[in-house]
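First comes the structure, then the notes that go with it.
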Amino acid sequence: MSHDYRPGDVLLLECPFTETAVTGVTHYYVSVRWPWLEVDPQAENIRWNGQRALPTPAAREWEIFRTEPAETALKPGDTCLVGIPATVVHVQAVHRFDPPLVTGMLPRPASYVEVLRHGDTHDPDLEDQGYTIDPAGGEPIRIELFFRPYAFLEPGDEVADRNGRAWRFDAAWDWRPFDGGQSGTPAWPLALLSRHGEPTPQEAVAVARATAVGSHADELDRWSRLTLARPAARQQ
């Protein structure tokens, strides 16, 4: 699929394990020569050394890239494999950069997808809770879209619910009622009122068909069972 991910997407990540060398070991980190990215010679004031530090269990940090053998079994000079085992995550945010971000590495990322691990609910008081990946970067990460809540809607869509109440859809759990009343969730079925202007008959039929049965609660329940998480507090 394209790299047009959005908050709420449930993804399966994998990256083939690739041979590399261990360059350093501490109690908290194992440094390896990164086998995929290159040094950006045009990056000013940023000079990447071609290595990456991966946390050991003692660091208590989440890292999707792992080594084989495990980090705790490695010593400097060892050869190991580095990659991503099959990992289910959900998207918290998408960041886009124009021009691409200068990181000291090539290729320069045009976007980052910020993901949370299985079982994690976004906590605004926690720093670095999420993990960012470049979906079009040099690391050969395979990204499979497992589930997209409200896949039949696009951000910015305007709909009317079963009770005739009009809503704007901004994200899977982010609904804005137009009547200025208390926020909540729309009652299915939904009628598409606007999508970049007047929707096509095919678009309207697709939304009506998708919401003919089920409910917002069903959509949330499926997402929660896949992620073992809850929407962020502001989105509930």
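Ligands are numbered from 1 in the order shown, chains are lettered A, B, ... in the order of the structure tokens, and residues start at 1 in each chain.
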message = Neighbouring residues of Ile84 of chain A were defined as those with any atom within 8 Å, considering only C-alpha atoms; residues of the same chain fewer than 5 positions away were excluded. Please report them as a VMD selection string.
response = chain A and resid 13 to 17 64 to 66 141
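Distance-wise, atom CA of Tyr29 of chain A and atom CA of Glu68 of chain A end up 14.6 Å apart.
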ask   = Quick one: residues within 10 Å of Pro186 of chain A, only C-alpha atoms counted, chain neighbours fewer than 3 positions away excluded, as a list in words?
value =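 Contacts, in chain order: Val159, Ala160, Asp161, Arg162, Asn163, Gly164, Arg165, Ala166, Trp167, Arg168, Phe169, Trp175, Arg176, Pro177, Ser183, Pro189, Leu190, Ser215 and His216 of chain A.
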request  = Work out how far apart atom CA of Gly130 of chain A and atom CA of Met105 of chain A are and give it in Å to one decimal.
outcome  =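 These atoms are spaced 20.7 Å apart.
Using only C-alpha atoms, the nearest neighbour of Thr103 of chain A within the list A:Lys75, A:Arg60, A:Arg148, A:Arg47 is A:Arg47.
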